[in-house]
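Asks: Following this line is data-v4.pdb, made up of PDB, C-alpha atoms and all ligand atoms:
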```
ATOM      1  CA  MET A  15     -80.901-133.502 -95.442
ATOM      2  CA  THR A  16     -77.788-133.151 -93.305
ATOM      3  CA  LYS A  17     -74.645-131.783 -94.858
ATOM      4  CA  GLY A  18     -72.096-132.898 -92.280
ATOM      5  CA  LEU A  19     -68.643-131.832 -91.256
ATOM      6  CA  THR A  20     -67.078-132.673 -94.626
ATOM      7  CA  TYR A  21     -69.414-130.277 -96.418
ATOM      8  CA  TYR A  22     -68.546-127.352 -94.113
ATOM      9  CA  ALA A  23     -64.843-128.232 -94.092
ATOM     10  CA  LYS A  24     -64.919-127.909 -97.885
ATOM     11  CA  LYS A  25     -66.792-124.614 -97.602
ATOM     12  CA  PHE A  26     -64.225-123.234 -95.116
ATOM     13  CA  ALA A  27     -61.357-124.234 -97.399
ATOM     14  CA  ASN A  28     -63.000-122.677-100.459
ATOM     15  CA  LEU A  29     -64.463-119.419 -99.196
ATOM     16  CA  ARG A  30     -65.352-116.962-101.926
ATOM     17  CA  VAL A  31     -62.767-114.278-101.275
ATOM     18  CA  ASP A  32     -61.756-111.188-103.184
ATOM     19  CA  LYS A  33     -58.510-111.712-105.091
ATOM     20  CA  ALA A  34     -58.147-108.326-106.755
ATOM     21  CA  ARG A  35     -55.181-107.315-104.539
ATOM     22  CA  GLY A  36     -53.964-110.723-103.401
ATOM     23  CA  THR A  37     -56.129-113.155-101.429
ATOM     24  CA  ALA A  38     -58.306-111.148 -99.011
ATOM     25  CA  PRO A  39     -57.924-112.691 -95.521
ATOM     26  CA  HIS A  40     -61.060-111.111 -93.956
ATOM     27  CA  LYS A  41     -63.423-114.087 -94.137
ATOM     28  CA  PRO A  42     -61.075-116.756 -92.716
ATOM     29  CA  ILE A  43     -60.049-114.335 -89.940
ATOM     30  CA  LEU A  44     -63.690-113.729 -89.002
ATOM     31  CA  LEU A  45     -64.423-117.465 -88.964
ATOM     32  CA  LEU A  46     -61.370-118.097 -86.755
ATOM     33  CA  THR A  47     -62.707-115.412 -84.413
ATOM     34  CA  VAL A  48     -66.121-117.084 -84.271
ATOM     35  CA  LEU A  49     -64.453-120.452 -83.500
ATOM     36  CA  ASP A  50     -62.374-118.745 -80.788
ATOM     37  CA  LEU A  51     -65.439-117.133 -79.175
ATOM     38  CA  CYS A  52     -67.308-120.476 -79.266
ATOM     39  CA  GLU A  53     -64.319-122.082 -77.527
ATOM     40  CA  LYS A  54     -64.421-119.370 -74.830
ATOM     41  CA  GLY A  55     -68.154-119.815 -74.314
ATOM     42  CA  LEU A  56     -68.751-116.241 -75.533
ATOM     43  CA  ILE A  57     -70.975-117.527 -78.349
ATOM     44  CA  SER A  58     -73.333-120.135 -76.969
ATOM     45  CA  ARG A  59     -76.439-119.298 -78.989
ATOM     46  CA  ASN A  60     -76.678-119.176 -82.748
ATOM     47  CA  GLU A  61     -76.368-115.381 -82.705
ATOM     48  CA  VAL A  62     -73.087-113.721 -83.639
ATOM     49  CA  TYR A  63     -73.205-110.083 -82.527
ATOM     50  CA  LEU A  64     -70.860-107.349 -83.732
ATOM     51  CA  SER A  65     -69.688-107.046 -80.132
ATOM     52  CA  PRO A  66     -66.480-105.518 -78.747
ATOM     53  CA  GLU A  67     -65.336-109.106 -77.986
ATOM     54  CA  LEU A  68     -65.827-110.190 -81.617
ATOM     55  CA  THR A  69     -64.119-107.067 -82.962
ATOM     56  CA  ALA A  70     -61.157-107.117 -80.535
ATOM     57  CA  ASN A  71     -60.428-110.799 -81.186
ATOM     58  CA  PHE A  72     -60.835-110.271 -84.947
ATOM     59  CA  LEU A  73     -58.081-107.634 -84.647
ATOM     60  CA  LYS A  74     -56.004-110.060 -82.545
ATOM     61  CA  PHE A  75     -56.021-112.715 -85.285
ATOM     62  CA  TRP A  76     -55.569-110.083 -87.958
ATOM     63  CA  HIS A  77     -52.363-108.763 -86.421
ATOM     64  CA  GLN A  78     -50.978-112.230 -85.778
ATOM     65  CA  PHE A  79     -51.866-113.876 -89.076
ATOM     66  CA  VAL A  80     -52.148-111.272 -91.827
ATOM     67  CA  SER A  81     -49.029-110.056 -93.563
ATOM     68  CA  SER A  82     -50.610-108.568 -96.727
ATOM     69  CA  ASP A  83     -51.502-104.866 -96.841
ATOM     70  CA  HIS A  84     -55.289-105.381 -96.704
ATOM     71  CA  HIS A  85     -57.181-103.168 -94.256
ATOM     72  CA  SER A  86     -58.722-104.897 -91.218
ATOM     73  CA  ASN A  87     -62.379-103.942 -91.554
ATOM     74  CA  ILE A  88     -64.638-106.454 -89.756
ATOM     75  CA  ALA A  89     -67.748-105.092 -91.499
ATOM     76  CA  LEU A  90     -66.592-106.528 -94.851
ATOM     77  CA  PRO A  91     -66.530-110.249 -93.966
ATOM     78  CA  PHE A  92     -69.476-109.882 -91.557
ATOM     79  CA  PHE A  93     -71.541-108.707 -94.522
ATOM     80  CA  HIS A  94     -69.986-110.650 -97.414
ATOM     81  CA  LEU A  95     -69.897-114.082 -95.743
ATOM     82  CA  THR A  96     -73.592-114.265 -96.672
ATOM     83  CA  GLY A  97     -72.338-115.067-100.195
ATOM     84  CA  ASP A  98     -70.989-118.398 -98.895
ATOM     85  CA  LYS A  99     -74.543-119.463 -98.041
ATOM     86  CA  PHE A 100     -73.988-120.747 -94.481
ATOM     87  CA  TRP A 101     -73.859-117.271 -92.833
ATOM     88  CA  HIS A 102     -77.047-115.220 -92.598
ATOM     89  CA  LEU A 103     -77.967-111.777 -91.293
ATOM     90  CA  MET A 104     -80.840-110.943 -88.950
ATOM     91  CA  PRO A 105     -81.891-107.366 -89.773
ATOM     92  CA  ASN A 106     -82.849-104.767 -87.213
ATOM     93  CA  PRO A 107     -86.452-103.519 -87.538
ATOM     94  CA  GLY A 108     -86.713-101.234 -90.561
ATOM     95  CA  PHE A 109     -83.743-102.784 -92.390
ATOM     96  CA  GLU A 110     -85.411-106.001 -93.588
ATOM     97  CA  ALA A 111     -85.743-104.819 -97.201
ATOM     98  CA  ALA A 112     -82.140-103.525 -97.411
ATOM     99  CA  ILE A 113     -80.729-106.810 -96.080
ATOM    100  CA  GLN A 114     -82.933-108.880 -98.354
ATOM    101  CA  ALA A 115     -81.911-106.801-101.380
ATOM    102  CA  LYS A 116     -78.252-107.328-100.351
ATOM    103  CA  VAL A 117     -77.562-103.599-100.332
ATOM    104  CA  LYS A 118     -73.829-103.396 -99.605
ATOM    105  CA  ILE A 119     -72.858-102.147 -96.151
ATOM    106  CA  ARG A 120     -69.181-101.404 -95.691
ATOM    107  CA  THR A 121     -68.712 -99.693 -92.331
ATOM    108  CA  LEU A 122     -69.026-100.960 -88.783
ATOM    109  CA  PRO A 123     -71.440 -98.243 -87.551
ATOM    110  CA  ALA A 124     -73.713 -98.731 -90.587
ATOM    111  CA  LEU A 125     -73.688-102.500 -90.178
ATOM    112  CA  ARG A 126     -74.392-102.226 -86.453
ATOM    113  CA  SER A 127     -77.480-100.156 -87.116
ATOM    114  CA  ALA A 128     -78.780-102.407 -89.919
ATOM    115  CA  VAL A 129     -78.024-105.853 -88.502
ATOM    116  CA  LYS A 130     -79.025-107.329 -85.155
ATOM    117  CA  TYR A 131     -76.757-110.360 -85.450
ATOM    118  CA  ALA A 132     -75.488-112.985 -87.891
ATOM    119  CA  TYR A 133     -76.474-116.636 -87.588
ATOM    120  CA  LEU A 134     -75.128-119.814 -89.107
ATOM    121  CA  ASP A 135     -76.817-122.841 -90.648
ATOM    122  CA  GLY A 136     -78.179-124.702 -87.602
ATOM    123  CA  GLU A 137     -76.060-127.736 -88.446
ATOM    124  CA  LEU A 138     -72.854-125.705 -88.678
ATOM    125  CA  PHE A 139     -73.618-124.007 -85.370
ATOM    126  CA  ALA A 140     -74.019-127.433 -83.731
ATOM    127  CA  LEU A 141     -70.611-128.436 -85.149
ATOM    128  CA  LEU A 142     -69.064-125.273 -83.673
ATOM    129  CA  GLN A 143     -70.388-126.180 -80.234
ATOM    130  CA  ASN A 144     -68.630-129.550 -80.380
ATOM    131  CA  PRO A 145     -64.941-129.383 -79.343
ATOM    132  CA  GLN A 146     -63.812-132.069 -81.766
ATOM    133  CA  SER A 147     -65.438-130.686 -84.913
ATOM    134  CA  ARG A 148     -64.392-127.195 -83.816
ATOM    135  CA  THR A 149     -60.763-128.311 -83.775
ATOM    136  CA  GLU A 150     -61.154-129.912 -87.193
ATOM    137  CA  LEU A 151     -62.669-126.784 -88.713
ATOM    138  CA  THR A 152     -59.956-124.616 -87.153
ATOM    139  CA  THR A 153     -57.276-126.861 -88.650
ATOM    140  CA  ILE A 154     -58.930-126.684 -92.071
ATOM    141  CA  LEU A 155     -59.001-122.875 -91.946
ATOM    142  CA  ILE A 156     -55.352-122.649 -90.935
ATOM    143  CA  GLN A 157     -54.182-125.156 -93.559
ATOM    144  CA  ALA A 158     -56.141-123.476 -96.325
ATOM    145  CA  TRP A 159     -55.448-119.838 -95.527
ATOM    146  CA  PHE A 160     -52.499-119.433 -93.140
ATOM    147  CA  PRO A 161     -50.457-122.657 -93.482
ATOM    148  CA  GLU A 162     -47.287-121.061 -92.097
ATOM    149  CA  LYS A 163     -49.121-120.028 -88.863
ATOM    150  CA  GLY A 164     -50.138-123.507 -87.699
ATOM    151  CA  ASN A 165     -47.960-123.335 -84.590
ATOM    152  CA  GLU A 166     -49.371-120.045 -83.357
ATOM    153  CA  ILE A 167     -53.064-120.789 -83.269
ATOM    154  CA  ALA A 168     -53.159-122.546 -79.871
ATOM    155  CA  GLU A 169     -51.447-119.573 -78.241
ATOM    156  CA  SER A 170     -53.935-117.104 -79.797
ATOM    157  CA  PHE A 171     -56.919-119.107 -78.580
ATOM    158  CA  LYS A 172     -55.682-118.842 -74.983
ATOM    159  CA  TYR A 173     -56.677-115.279 -74.217
ATOM    160  CA  ASP A 174     -59.509-112.835 -74.855
ATOM    161  CA  GLU A 175     -58.179-109.719 -76.512
ATOM    162  CA  PHE A 176     -61.073-107.556 -75.302
ATOM    163  CA  GLU A 177     -60.300-108.470 -71.712
ATOM    164  CA  SER A 178     -56.641-107.549 -72.344
ATOM    165  CA  VAL A 179     -57.618-104.147 -73.818
ATOM    166  CA  GLN A 180     -59.933-103.454 -70.855
ATOM    167  CA  GLN A 181     -57.271-104.464 -68.351
ATOM    168  CA  SER A 182     -54.495-102.395 -69.883
ATOM    169  CA  LEU A 183     -56.830 -99.374 -70.054
ATOM    170  CA  PHE A 184     -57.673 -99.906 -66.380
ATOM    171  CA  ASP A 185     -53.989-100.170 -65.432
ATOM    172  CA  SER A 186     -53.296 -96.805 -67.049
ATOM    173  CA  GLY A 187     -56.421 -95.080 -65.628
ATOM    174  CA  GLY A 188     -57.781 -94.548 -69.160
ATOM    175  CA  ALA A 189     -56.180 -92.772 -72.095
ATOM    176  CA  THR A 190     -56.274 -89.667 -74.266
ATOM    177  CA  TYR A 191     -56.002 -89.903 -78.036
ATOM    178  CA  LYS A 192     -54.765 -87.851 -80.937
ATOM    179  CA  VAL A 193     -56.858 -87.404 -84.072
ATOM    180  CA  GLU A 194     -54.559 -89.764 -85.997
ATOM    181  CA  ASP A 195     -55.161 -92.523 -83.410
ATOM    182  CA  LEU A 196     -58.815 -92.534 -84.361
ATOM    183  CA  ARG A 197     -58.854 -93.468 -88.022
ATOM    184  CA  ASP A 198     -59.666 -97.146 -87.617
ATOM    185  CA  GLU A 199     -63.359 -97.749 -86.923
ATOM    186  CA  ASP A 200     -62.853-101.247 -85.490
ATOM    187  CA  ARG A 201     -60.295 -99.979 -83.001
ATOM    188  CA  ILE A 202     -62.401 -96.956 -81.984
ATOM    189  CA  PHE A 203     -65.317 -99.275 -81.303
ATOM    190  CA  VAL A 204     -63.198-101.548 -79.074
ATOM    191  CA  ARG A 205     -61.593 -98.621 -77.187
ATOM    192  CA  ASN A 206     -64.977 -97.013 -76.668
ATOM    193  CA  ALA A 207     -66.480-100.184 -75.245
ATOM    194  CA  ALA A 208     -63.440-100.735 -72.988
ATOM    195  CA  PHE A 209     -63.789 -97.183 -71.568
ATOM    196  CA  ARG A 210     -67.518 -97.553 -70.990
ATOM    197  CA  ARG A 211     -67.282-100.964 -69.338
ATOM    198  CA  ASN A 212     -64.485 -99.780 -67.032
ATOM    199  CA  VAL A 213     -66.397 -96.664 -65.931
ATOM    200  CA  VAL A 214     -69.558 -98.656 -65.267
ATOM    201  CA  LYS A 215     -67.524-101.114 -63.177
ATOM    202  CA  LEU A 216     -65.860 -98.306 -61.193
ATOM    203  CA  TYR A 217     -69.310 -97.044 -60.165
ATOM    204  CA  ASP A 218     -70.462-100.571 -59.319
ATOM    205  CA  GLN A 219     -73.040-100.366 -62.138
ATOM    206  CA  ARG A 220     -74.836 -97.566 -60.280
ATOM    207  CA  CYS A 221     -76.084 -94.275 -61.783
ATOM    208  CA  ALA A 222     -74.053 -91.440 -60.188
ATOM    209  CA  PHE A 223     -77.166 -89.226 -60.230
ATOM    210  CA  CYS A 224     -80.025 -91.410 -58.950
ATOM    211  CA  LYS A 225     -77.947 -94.348 -57.591
ATOM    212  CA  THR A 226     -80.153 -96.840 -59.390
ATOM    213  CA  ARG A 227     -78.554-100.190 -60.150
ATOM    214  CA  VAL A 228     -80.418-102.685 -62.315
ATOM    215  CA  VAL A 229     -78.567-105.722 -63.634
ATOM    216  CA  SER A 230     -80.195-108.521 -65.603
ATOM    217  CA  TRP A 231     -79.370-112.186 -65.065
ATOM    218  CA  ASP A 232     -77.354-112.226 -68.269
ATOM    219  CA  GLY A 233     -75.191-109.330 -67.074
ATOM    220  CA  LEU A 234     -76.794-106.383 -68.902
ATOM    221  CA  ASN A 235     -77.357-103.164 -66.957
ATOM    222  CA  ILE A 236     -79.057 -99.837 -67.597
ATOM    223  CA  VAL A 237     -76.054 -97.660 -66.841
ATOM    224  CA  ASP A 238     -73.826 -96.016 -69.480
ATOM    225  CA  GLY A 239     -70.212 -94.959 -69.141
ATOM    226  CA  ALA A 240     -70.730 -91.264 -69.991
ATOM    227  CA  HIS A 241     -68.100 -88.638 -70.804
ATOM    228  CA  ILE A 242     -68.060 -85.359 -68.831
ATOM    229  CA  GLN A 243     -66.253 -83.550 -71.645
ATOM    230  CA  PRO A 244     -67.535 -85.061 -74.924
ATOM    231  CA  PHE A 245     -65.181 -87.523 -76.588
ATOM    232  CA  SER A 246     -65.743 -86.037 -80.053
ATOM    233  CA  GLU A 247     -64.244 -82.749 -78.873
ATOM    234  CA  PHE A 248     -61.687 -83.778 -76.219
ATOM    235  CA  ARG A 249     -60.759 -87.391 -77.153
ATOM    236  CA  ASP A 250     -60.336 -87.961 -73.408
ATOM    237  CA  ASP A 251     -60.998 -91.521 -72.248
ATOM    238  CA  ARG A 252     -59.365 -91.073 -68.837
ATOM    239  CA  PHE A 253     -61.701 -92.407 -66.161
ATOM    240  CA  VAL A 254     -61.657 -89.008 -64.405
ATOM    241  CA  ASN A 255     -63.558 -87.792 -67.475
ATOM    242  CA  GLY A 256     -66.190 -90.497 -66.955
ATOM    243  CA  LEU A 257     -69.445 -90.783 -65.000
ATOM    244  CA  ALA A 258     -71.730 -93.802 -64.828
ATOM    245  CA  LEU A 259     -75.248 -92.571 -65.614
ATOM    246  CA  CYS A 260     -78.525 -94.329 -66.367
ATOM    247  CA  LYS A 261     -80.091 -93.603 -69.766
ATOM    248  CA  ASN A 262     -82.361 -90.792 -68.509
ATOM    249  CA  HIS A 263     -79.676 -89.015 -66.538
ATOM    250  CA  HIS A 264     -77.031 -89.512 -69.247
ATOM    251  CA  TRP A 265     -79.324 -87.700 -71.660
ATOM    252  CA  ALA A 266     -80.154 -84.981 -69.090
ATOM    253  CA  PHE A 267     -76.441 -84.431 -68.300
ATOM    254  CA  ASP A 268     -75.545 -84.220 -72.004
ATOM    255  CA  HIS A 269     -78.245 -81.570 -72.434
ATOM    256  CA  GLY A 270     -77.115 -79.541 -69.425
ATOM    257  CA  TRP A 271     -80.204 -80.180 -67.300
ATOM    258  CA  PHE A 272     -77.955 -80.638 -64.293
ATOM    259  CA  GLY A 273     -74.320 -80.214 -63.347
ATOM    260  CA  VAL A 274     -72.075 -81.237 -60.455
ATOM    261  CA  ASP A 275     -70.303 -78.698 -58.210
ATOM    262  CA  ASP A 276     -66.872 -78.838 -56.536
ATOM    263  CA  ASP A 277     -68.337 -80.787 -53.595
ATOM    264  CA  TYR A 278     -69.803 -83.285 -56.065
ATOM    265  CA  ARG A 279     -73.307 -81.977 -55.325
ATOM    266  CA  ILE A 280     -75.986 -81.838 -57.999
ATOM    267  CA  VAL A 281     -76.622 -78.371 -59.423
ATOM    268  CA  ILE A 282     -80.012 -77.655 -61.006
ATOM    269  CA  PRO A 283     -80.856 -74.070 -61.920
ATOM    270  CA  GLN A 284     -84.356 -72.753 -61.217
ATOM    271  CA  GLU A 285     -86.892 -72.712 -64.020
ATOM    272  CA  ARG A 286     -84.836 -74.696 -66.499
ATOM    273  CA  PHE A 287     -87.697 -77.116 -67.097
ATOM    274  CA  MET A 288     -90.983 -78.243 -65.604
ATOM    275  CA  GLU A 289     -91.654 -81.762 -64.494
ATOM    276  CA  GLU A 290     -94.420 -83.918 -63.205
ATOM    277  CA  ALA A 291     -93.638 -87.241 -61.599
ATOM    278  CA  PRO A 292     -95.839 -89.931 -60.057
ATOM    279  CA  VAL A 293     -95.808 -89.996 -56.253
ATOM    280  CA  GLN A 294     -93.029 -92.547 -55.836
ATOM    281  CA  SER A 295     -90.733 -91.092 -58.471
ATOM    282  CA  ARG A 296     -88.448 -88.160 -57.739
ATOM    283  CA  GLY A 297     -88.060 -86.790 -61.245
ATOM    284  CA  ILE A 298     -84.934 -84.632 -61.527
ATOM    285  CA  MET A 299     -85.554 -81.602 -59.285
ATOM    286  CA  GLY A 300     -85.865 -83.866 -56.239
ATOM    287  CA  PHE A 301     -82.124 -84.610 -56.418
ATOM    288  CA  LYS A 302     -81.018 -80.991 -56.156
ATOM    289  CA  GLU A 303     -77.943 -80.542 -53.921
ATOM    290  CA  GLU A 304     -77.607 -84.248 -53.233
ATOM    291  CA  GLN A 305     -74.112 -85.629 -53.550
ATOM    292  CA  ILE A 306     -73.558 -87.866 -56.542
ATOM    293  CA  GLU A 307     -72.362 -91.445 -56.245
ATOM    294  CA  LEU A 308     -68.576 -91.544 -56.461
ATOM    295  CA  PRO A 309     -66.246 -94.339 -57.527
ATOM    296  CA  LYS A 310     -64.932 -96.501 -54.677
ATOM    297  CA  ASP A 311     -61.457 -96.127 -56.152
ATOM    298  CA  ARG A 312     -60.728 -92.488 -55.278
ATOM    299  CA  ARG A 313     -58.001 -92.220 -57.935
ATOM    300  CA  PHE A 314     -60.788 -91.979 -60.486
ATOM    301  CA  MET A 315     -62.921 -89.224 -58.891
ATOM    302  CA  PRO A 316     -64.582 -87.118 -61.641
ATOM    303  CA  SER A 317     -62.325 -84.273 -62.706
ATOM    304  CA  MET A 318     -63.115 -80.854 -61.153
ATOM    305  CA  GLU A 319     -61.910 -79.192 -64.310
ATOM    306  CA  GLY A 320     -64.223 -81.265 -66.509
ATOM    307  CA  LEU A 321     -67.259 -80.705 -64.262
ATOM    308  CA  LYS A 322     -66.574 -76.946 -64.181
ATOM    309  CA  TRP A 323     -66.279 -76.926 -67.974
ATOM    310  CA  HIS A 324     -69.662 -78.696 -68.166
ATOM    311  CA  ARG A 325     -71.367 -76.238 -65.724
ATOM    312  CA  GLU A 326     -70.031 -73.257 -67.642
ATOM    313  CA  LYS A 327     -71.042 -74.675 -71.002
ATOM    314  CA  TRP A 328     -74.646 -75.037 -69.838
ATOM    315  CA  GLY A 329     -74.816 -71.956 -67.577
ATOM    316  CA  LEU A 330     -75.314 -74.034 -64.411
ATOM    317  CA  ILE A 331     -73.937 -71.566 -61.913
TER     318      ILE A 331
HETATM  319 ZN    ZN B   1     -80.053 -92.221 -63.008
END
```
Show this structure as structure tokens.
Replies:
Amino acid sequence: MTKGLTYYAKKFANLRVDKARGTAPHKPILLLTVLDLCEKGLISRNEVYLSPELTANFLKFWHQFVSSDHHSNIALPFFHLTGDKFWHLMPNPGFEAAIQAKVKIRTLPALRSAVKYAYLDGELFALLQNPQSRTELTTILIQAWFPEKGNEIAESFKYDEFESVQQSLFDSGGATYKVEDLRDEDRIFVRNAAFRRNVVKLYDQRCAFCKTRVVSWDGLNIVDGAHIQPFSEFRDDRFVNGLALCKNHHWAFDHGWFGVDDDYRIVIPQERFMEEAPVQSRGIMGFKEEQIELPKDRRFMPSMEGLKWHREKWGLI
């Protein structure tokens, strides 16, 4: 039996929200974000991922629309919207029982490990892909939850906040942070993703060590934006502290299996490990003394100081 637009409009206007400290705005803000991402073509399958785009635009609406002193934690509505019966969670392998038992998950990292994506009732998803019903549902949300913000919504829908964060980070060549800047998990997640995506782009999606570039048709690639000096210790997201590395060589670099000297050549000490590689593969030792791939934009060459710190830490002299 079909439920129709009227049914979901009623649901959107009567979300089950926490009222202990005033009306909690989390659920309507998340739904606005989903509508926004559908409008931008960033959600075109019935799979809502806890992506940097979702999180950054959630924060965008939060800062524009919320005036109460609630804390902007995207994990809360992403989990609790299941109580409204049209939003469902697809567990990651190993978390099926926890999701089915509705074990509460309250933090972004925990939710990202337990849940692959959220999905909507098929009928609601179809309504969100239709511009007219999308506009109607957006209007319902605004009227029910943020009636005084009706004039601002069109402006907010115009831009992608994650793109703005990435661009402003690029314009400043990255950033360093203080401990107190890093208290908000949603923000850390967005900043982290913006750093990584920028570094990968600077190296043209190529591993600095083995130069491999593999990009799938849907834009995924096997290269990470790695830190030379670990973020947990140095809080340094300047691009000069970044290197694009494939998964294998990211892991090897983080474990000190190789370093990079002042001429950007690969340093591998003798007898650090043994390796066997099939004929066509070069393993790690085969790259000794080769120059690493460098960013085309020379302003963002890896920092000598950082690379020296890394060699000394791992005894790669
Ligand atoms: Zn590599």
Asks: Please expand the PyMOL selection byres (((not hetatm)) within 7 of (chain B and resi 1)) into the concrete residues it hits in this file, giving the result as a list in words.
Replies: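 Expected selection for the PyMOL selection byres (((not hetatm)) within 7 of (chain B and resi 1)) here is Cys221, Ala222, Phe223, Cys224, Lys225, Thr226, Leu259, Cys260, Lys261, Asn262 and His263 of chain A.
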Asks: Which residues come within 10 Å of Val31 in chain A, counting only C-alpha atoms, excluding same-chain residues fewer than 4 positions away, as a PyMOL selection string?
Replies: chain A and resi 36-42+91+94-95+97-98
Asks: Closest to Gly320 in chain A among A:Leu257, A:Ala189, A:Leu134, A:Leu44, using all atoms listed in the file?
Replies: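 Smallest separation from Gly320 in chain A among the options: A:Leu257.
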Asks: Skip range 53-58 of chain A itself and residues of its chain fewer than 3 positions away, then list as a ChimeraX atom specification all residues within 9 Å of it, counting all atoms listed in the file.
Replies: /A:48-50,61-63,67,142-143,145,148,171-174
Asks: Taking the file as shown, what set of residues would the PyMOL selection byres (((chain A and resi 92) around 12) and not hetatm) give back, as number ranges by chain?
Replies: A: 40-45, 47-48, 62-65, 68-69, 72, 86-91, 93-98, 101-104, 118-122, 124-126, 129-134
Asks: Only C-alpha atoms, please: the residues just picked out, written as an mmCIF file, in the coordinates of the input.
Replies:
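Output (result_35.cif):
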```
data_model
loop_
_atom_site.group_PDB
_atom_site.id
_atom_site.type_symbol
_atom_site.label_atom_id
_atom_site.label_comp_id
_atom_site.auth_asym_id
_atom_site.auth_seq_id
_atom_site.Cartn_x
_atom_site.Cartn_y
_atom_site.Cartn_z
ATOM 1 C CA HIS A 40 -61.060 -111.111 -93.956
ATOM 2 C CA LYS A 41 -63.423 -114.087 -94.137
ATOM 3 C CA PRO A 42 -61.075 -116.756 -92.716
ATOM 4 C CA ILE A 43 -60.049 -114.335 -89.940
ATOM 5 C CA LEU A 44 -63.690 -113.729 -89.002
ATOM 6 C CA LEU A 45 -64.423 -117.465 -88.964
ATOM 7 C CA THR A 47 -62.707 -115.412 -84.413
ATOM 8 C CA VAL A 48 -66.121 -117.084 -84.271
ATOM 9 C CA VAL A 62 -73.087 -113.721 -83.639
ATOM 10 C CA TYR A 63 -73.205 -110.083 -82.527
ATOM 11 C CA LEU A 64 -70.860 -107.349 -83.732
ATOM 12 C CA SER A 65 -69.688 -107.046 -80.132
ATOM 13 C CA LEU A 68 -65.827 -110.190 -81.617
ATOM 14 C CA THR A 69 -64.119 -107.067 -82.962
ATOM 15 C CA PHE A 72 -60.835 -110.271 -84.947
ATOM 16 C CA SER A 86 -58.722 -104.897 -91.218
ATOM 17 C CA ASN A 87 -62.379 -103.942 -91.554
ATOM 18 C CA ILE A 88 -64.638 -106.454 -89.756
ATOM 19 C CA ALA A 89 -67.748 -105.092 -91.499
ATOM 20 C CA LEU A 90 -66.592 -106.528 -94.851
ATOM 21 C CA PRO A 91 -66.530 -110.249 -93.966
ATOM 22 C CA PHE A 93 -71.541 -108.707 -94.522
ATOM 23 C CA HIS A 94 -69.986 -110.650 -97.414
ATOM 24 C CA LEU A 95 -69.897 -114.082 -95.743
ATOM 25 C CA THR A 96 -73.592 -114.265 -96.672
ATOM 26 C CA GLY A 97 -72.338 -115.067 -100.195
ATOM 27 C CA ASP A 98 -70.989 -118.398 -98.895
ATOM 28 C CA TRP A 101 -73.859 -117.271 -92.833
ATOM 29 C CA HIS A 102 -77.047 -115.220 -92.598
ATOM 30 C CA LEU A 103 -77.967 -111.777 -91.293
ATOM 31 C CA MET A 104 -80.840 -110.943 -88.950
ATOM 32 C CA LYS A 118 -73.829 -103.396 -99.605
ATOM 33 C CA ILE A 119 -72.858 -102.147 -96.151
ATOM 34 C CA ARG A 120 -69.181 -101.404 -95.691
ATOM 35 C CA THR A 121 -68.712 -99.693 -92.331
ATOM 36 C CA LEU A 122 -69.026 -100.960 -88.783
ATOM 37 C CA ALA A 124 -73.713 -98.731 -90.587
ATOM 38 C CA LEU A 125 -73.688 -102.500 -90.178
ATOM 39 C CA ARG A 126 -74.392 -102.226 -86.453
ATOM 40 C CA VAL A 129 -78.024 -105.853 -88.502
ATOM 41 C CA LYS A 130 -79.025 -107.329 -85.155
ATOM 42 C CA TYR A 131 -76.757 -110.360 -85.450
ATOM 43 C CA ALA A 132 -75.488 -112.985 -87.891
ATOM 44 C CA TYR A 133 -76.474 -116.636 -87.588
ATOM 45 C CA LEU A 134 -75.128 -119.814 -89.107
#
```
Asks: For the atom pair CA of Gly273 in chain A and CA of Glu290 in chain A, what is the interatomic distance in Å to one decimal place?
Replies: 20.4 Å
Asks: When the PyMOL selection byres (((chain A and resi 323) around 12) and not hetatm) is applied to the structure above, which residues does it catch, written out as a count of residues only?
Replies: 24
Asks: CA of Asp135 in chain A and CA of Phe100 in chain A are how many Å apart?
Replies: 5.2 Å
Asks: Give me the box for range 217-224 of chain A as AutoDock Vina command-line options, namely the centre and edge lengths in Å to one decimal of a box along x, y and z that holds every listed atom plus 8 Å on each side.
Replies:
```
--center_x -74.7 --center_y -94.9 --center_z -60.5 --size_x 26.7 --size_y 27.3 --size_z 19.2
```
Asks: I'd like the interatomic distance between CA of Trp76 in chain A and CA of Asn206 in chain A, to a tenth of an Å.
Replies: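 Result for CA of Trp76 in chain A versus CA of Asn206 in chain A: 19.7 Å, one decimal.
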Asks: Write out as a ChimeraX atom specification which residues come within 10 Å of Leu155 in chain A when counting all atoms listed in the file, dropping same-chain ones fewer than 5 positions away.
Replies: /A:23-29,42-43,45-46,149-150,160-161,164
Asks: Compare A:Glu162, A:Asp250, A:Glu169, A:Glu175 by their minimum atom-to-atom distance to Val193 in chain A, counting all atoms listed in the file, and give me the closest one.
Replies: A:Asp250
Asks: So, counting all atoms listed in the file, which residue among A:Asp195, A:Glu303, A:Glu137, A:Asp311 is closest to Val213 in chain A?
Replies: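 For Val213 in chain A, the nearest of the given residues is A:Asp311.
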Asks: Would you please work out which residue, of A:Tyr278, A:Phe287, A:Phe176, A:Phe75, is nearest to Glu307 in chain A when using all atoms listed in the file?
Replies: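 Looking at the shortest contact to Glu307 in chain A, the residue is A:Tyr278.
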Asks: I'd like to know which of A:Tyr217, A:Lys163, A:Arg296, A:Glu285 is closest to Pro316 in chain A, using all atoms listed in the file.
Replies: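 Answer, going by the shortest atom-to-atom distance: A:Tyr217.
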Asks: Which of these, A:Gln146, A:Asp198, A:Ala140, A:Ile298, has the shortest distance to Arg59 in chain A once you count all atoms listed in the file?
Replies: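 Between A:Gln146, A:Asp198, A:Ala140, A:Ile298, the residue approaching Arg59 in chain A most closely is A:Ala140.
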Asks: At a cut-off of 9 Å, using only C-alpha atoms, what residues contact Leu141 in chain A? Leave out same-chain residues fewer than 5 positions from it and give the result as a list of chain:residue names.
Replies: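 The neighbour list is A:Gly18, A:Leu19, A:Gly136, A:Gln146, A:Ser147, A:Arg148, A:Leu151.
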